[in-house]
Amino acid sequence: MPVPVTKQGQVTLTLWQGNWVAAMAVGVVVWGLILWAVIFHRKRSDRPPYQVRYNLPIEMLYTVVPFIMVGVLFFFTARDENYITKMPAHPNVTVDVIGYQWSWQFQYPQYKVPASPTRDVTMNGGPWTPATGNSQLPVLVIPSNETIQFNLTSVDVIHSFWIVPFEFKRDVIPGHPNHFEVTTTRTGTFIGRCTELCGLYHSRMLFKVRIVTPAQFSQWIHAQQAAQQKAGSAQ
Ligand SMILES: [Cu+2]
């Protein structure tokens with residue numbers, strides 16, 4: 001698993017690891033019982049073995065133990081899912097994500113650009129191509145150690161928004177806005193993908209993600225605001 005870059009991603013990773021530990025513990029017990037039966041209860045003669053009808057305590061154990069296992073998995077999954085899908089009321093930064101065949105647009109509705117067609121700071125780009133590689137990909141810039149809200153919409157077919165080290169995906173559905181929030185924990189440059197087969201160039205629908213310090217973010221967003229206002233006014 002990639003190192004998570006959000007608090008929510010860390011919770012997902014811990015839940016996944018806990019599930020593996022629990023599955024391995026159950027597996028070891030089951031393999032042990034199988035080996036024990038194979039080694040110590042081999043067929044020794046043609047005499048039919050001693051017949052037993054039922055054993056109430058063991059039958060109850062067979063029923064109760066799986067219920068406990070499901071209950072434990074359910075408890076931790078429900079607890080972590082509630083945390084991961086929680087939407088704190090006042091995110092530091094809001095990003096409107098628009099998916100289309102075959103790229104993404106990122107808008108920052110808190111940062112206005114009156115002269116631009118979208119009226120917000122907007123990052124555009126294009127898909128990966130053999131000629132341009134990753135150089136045309138749209139860039140999503142967000143600050144570290146802050147809460148980011150993503151609003152997901154699609155203008156054509158169903159896409160899915162996936163920043164790999166978020167350990168999280170969410171579908172981008174036309175006519176059905178989706179939302180989620182994360183708290184970033186570190187800086188770095190990562191890759192994002194579409195993870196819902198959406199057509200011929202689905203696999204080229206990549207984007208770059210840069211998590212920077214809040215000071216760098218503020219500098220970057222104000223520079224974008226000024227540059228996009230100037231470009232809009234010139235048209
Ligand atoms: Cu897509």
# chains A, B, ... in the order shown; residues from 1 in each chain; ligands from 1
call {"tool": "closest_atom_pairs", "arguments": {"of": "chain A", "to": "ligand 1", "cutoff": "9 Å", "atoms": "only C-alpha atoms and all ligand atoms", "output": "tab-separated table"}}
result
residue	atom	partner	partner_atom_place_in_ligand_line	distance
A:Gly99	CA	ligand 1	1 (Cu)	6.8
A:Tyr100	CA	ligand 1	1 (Cu)	6.6
A:Gln101	CA	ligand 1	1 (Cu)	6.1
A:Trp102	CA	ligand 1	1 (Cu)	6.0
A:Ser103	CA	ligand 1	1 (Cu)	7.2
A:Trp104	CA	ligand 1	1 (Cu)	8.7
A:Val157	CA	ligand 1	1 (Cu)	7.6
A:Ile158	CA	ligand 1	1 (Cu)	6.8
A:His159	CA	ligand 1	1 (Cu)	4.0
A:Ser160	CA	ligand 1	1 (Cu)	6.2
A:Phe161	CA	ligand 1	1 (Cu)	8.2
A:Val172	CA	ligand 1	1 (Cu)	8.4
A:Arg193	CA	ligand 1	1 (Cu)	8.1
A:Cys194	CA	ligand 1	1 (Cu)	4.7
A:Thr195	CA	ligand 1	1 (Cu)	6.7
A:Glu196	CA	ligand 1	1 (Cu)	5.8
A:Leu197	CA	ligand 1	1 (Cu)	6.2
A:Cys198	CA	ligand 1	1 (Cu)	4.5
A:Gly199	CA	ligand 1	1 (Cu)	7.1
A:Tyr201	CA	ligand 1	1 (Cu)	8.0
A:His202	CA	ligand 1	1 (Cu)	5.0
A:Ser203	CA	ligand 1	1 (Cu)	7.8
A:Arg204	CA	ligand 1	1 (Cu)	8.7
A:Met205	CA	ligand 1	1 (Cu)	6.0
A:Leu206	CA	ligand 1	1 (Cu)	8.9
call {"tool": "residues_around", "arguments": {"residues": "Ala22 of chain A", "least_positions_apart": "3", "cutoff": "12 Å", "atoms": "only C-alpha atoms", "output": "list in words"}}
result
Leu15, Trp16, Gln17, Gly18, Asn19, Ala25, Val26, Gly27, Val28, Val29, Met69, Val70, Val72, Leu73 and Phe76 of chain A
call {"tool": "select_by_dssp", "arguments": {"residues": "segment 66-189 of chain A", "states": "strand (DSSP E or B)", "output": "number ranges by chain"}}
result
A: 93-100, 103-112, 120-123, 129, 133, 139-143, 147-154, 159-163, 168-173, 176, 178-184, 188-189
call {"tool": "residues_around", "arguments": {"residues": "Val182 of chain A", "least_positions_apart": "6", "cutoff": "7 Å", "atoms": "only C-alpha atoms", "output": "list in words"}}
result
Thr6, Gln8, Thr147, Ile148 and Gln149 of chain A
call {"tool": "closest_residue", "arguments": {"among": "A:Trp31, A:Tyr108, A:Phe207, A:Trp162", "to": "Pro138 of chain A", "atoms": "only C-alpha atoms"}}
result
A:Phe207
call {"tool": "atom_distance", "arguments": {"atom1": "atom CA of Asp96 of chain A", "atom2": "atom CA of Asn82 of chain A"}}
result
22.7 Å
call {"tool": "residues_around", "arguments": {"residues": "segment 113-126 of chain A", "least_positions_apart": "5", "cutoff": "8 Å", "atoms": "only C-alpha atoms", "output": "PyMOL selection string"}}
result
chain A and resi 102-108+136-140+205+221+224-226+228-233
call {"tool": "write_last_selection", "arguments": {"atoms": "N, CA and C atoms", "output": "short mmCIF file (atom, residue, chain, number, x, y, z; two decimals), in the first residue's frame"}}
result
data_model
loop_
_atom_site.label_atom_id
_atom_site.label_comp_id
_atom_site.auth_asym_id
_atom_site.auth_seq_id
_atom_site.Cartn_x
_atom_site.Cartn_y
_atom_site.Cartn_z
N TRP A 102 -11.64 13.23 -21.85
CA TRP A 102 -10.98 12.38 -20.93
C TRP A 102 -9.98 13.16 -20.11
N SER A 103 -10.52 14.05 -19.29
CA SER A 103 -9.64 14.77 -18.38
C SER A 103 -10.46 15.35 -17.22
N TRP A 104 -9.86 16.29 -16.51
CA TRP A 104 -10.48 16.85 -15.31
C TRP A 104 -10.32 18.35 -15.32
N GLN A 105 -11.27 19.04 -14.67
CA GLN A 105 -11.12 20.46 -14.42
C GLN A 105 -11.27 20.67 -12.91
N PHE A 106 -10.39 21.51 -12.35
CA PHE A 106 -10.46 21.80 -10.91
C PHE A 106 -10.76 23.28 -10.72
N GLN A 107 -11.82 23.57 -9.96
CA GLN A 107 -12.18 24.95 -9.67
C GLN A 107 -12.10 25.20 -8.17
N TYR A 108 -11.68 26.41 -7.82
CA TYR A 108 -11.54 26.80 -6.41
C TYR A 108 -12.55 27.91 -6.13
N GLN A 136 0.77 17.64 -20.22
CA GLN A 136 -0.48 18.42 -20.36
C GLN A 136 -1.49 18.13 -19.25
N LEU A 137 -1.15 17.25 -18.33
CA LEU A 137 -2.14 16.84 -17.33
C LEU A 137 -2.58 18.03 -16.48
N PRO A 138 -3.87 18.08 -16.10
CA PRO A 138 -4.29 19.13 -15.17
C PRO A 138 -3.62 18.92 -13.81
N VAL A 139 -3.40 20.03 -13.10
CA VAL A 139 -2.71 19.97 -11.82
C VAL A 139 -3.66 20.41 -10.71
N LEU A 140 -3.77 19.57 -9.71
CA LEU A 140 -4.57 19.89 -8.53
C LEU A 140 -3.59 20.25 -7.42
N MET A 205 -6.73 9.27 -18.52
CA MET A 205 -7.41 10.34 -17.78
C MET A 205 -6.72 10.56 -16.44
N ILE A 221 -2.15 30.25 -5.11
CA ILE A 221 -3.54 30.53 -5.51
C ILE A 221 -3.68 32.02 -5.85
N GLN A 224 -2.24 32.52 -9.28
CA GLN A 224 -3.19 32.02 -10.29
C GLN A 224 -4.33 33.01 -10.49
N GLN A 225 -4.82 33.53 -9.36
CA GLN A 225 -5.93 34.47 -9.41
C GLN A 225 -5.55 35.69 -10.28
N ALA A 226 -4.37 36.22 -10.03
CA ALA A 226 -3.91 37.40 -10.76
C ALA A 226 -3.71 37.05 -12.25
N GLN A 228 -4.96 34.55 -14.04
CA GLN A 228 -6.17 34.20 -14.76
C GLN A 228 -7.07 35.41 -14.98
N GLN A 229 -7.03 36.36 -14.03
CA GLN A 229 -7.80 37.60 -14.20
C GLN A 229 -7.22 38.40 -15.37
N LYS A 230 -5.88 38.44 -15.46
CA LYS A 230 -5.21 39.17 -16.53
C LYS A 230 -5.52 38.53 -17.88
N ALA A 231 -5.44 37.19 -17.93
CA ALA A 231 -5.72 36.46 -19.19
C ALA A 231 -7.17 36.67 -19.59
N GLY A 232 -8.09 36.65 -18.62
CA GLY A 232 -9.52 36.83 -18.92
C GLY A 232 -9.82 38.23 -19.44
N SER A 233 -9.18 39.22 -18.84
CA SER A 233 -9.43 40.61 -19.25
C SER A 233 -8.89 40.88 -20.65
#
call {"tool": "select_by_dssp", "arguments": {"residues": "segment 9-234 of chain A", "states": "helix (DSSP H, G or I)", "output": "NGL selection string"}}
result
:A and (9-40 or 56-84 or 164-166 or 202-204 or 214-234)
call {"tool": "atom_distance", "arguments": {"atom1": "atom CA of Ala215 of chain A", "atom2": "atom CA of Pro143 of chain A"}}
result
8.2 Å
call {"tool": "closest_residue", "arguments": {"among": "A:Phe40, A:Ala234, A:Thr185, A:Pro127", "to": "Leu200 of chain A", "atoms": "only C-alpha atoms"}}
result
A:Pro127
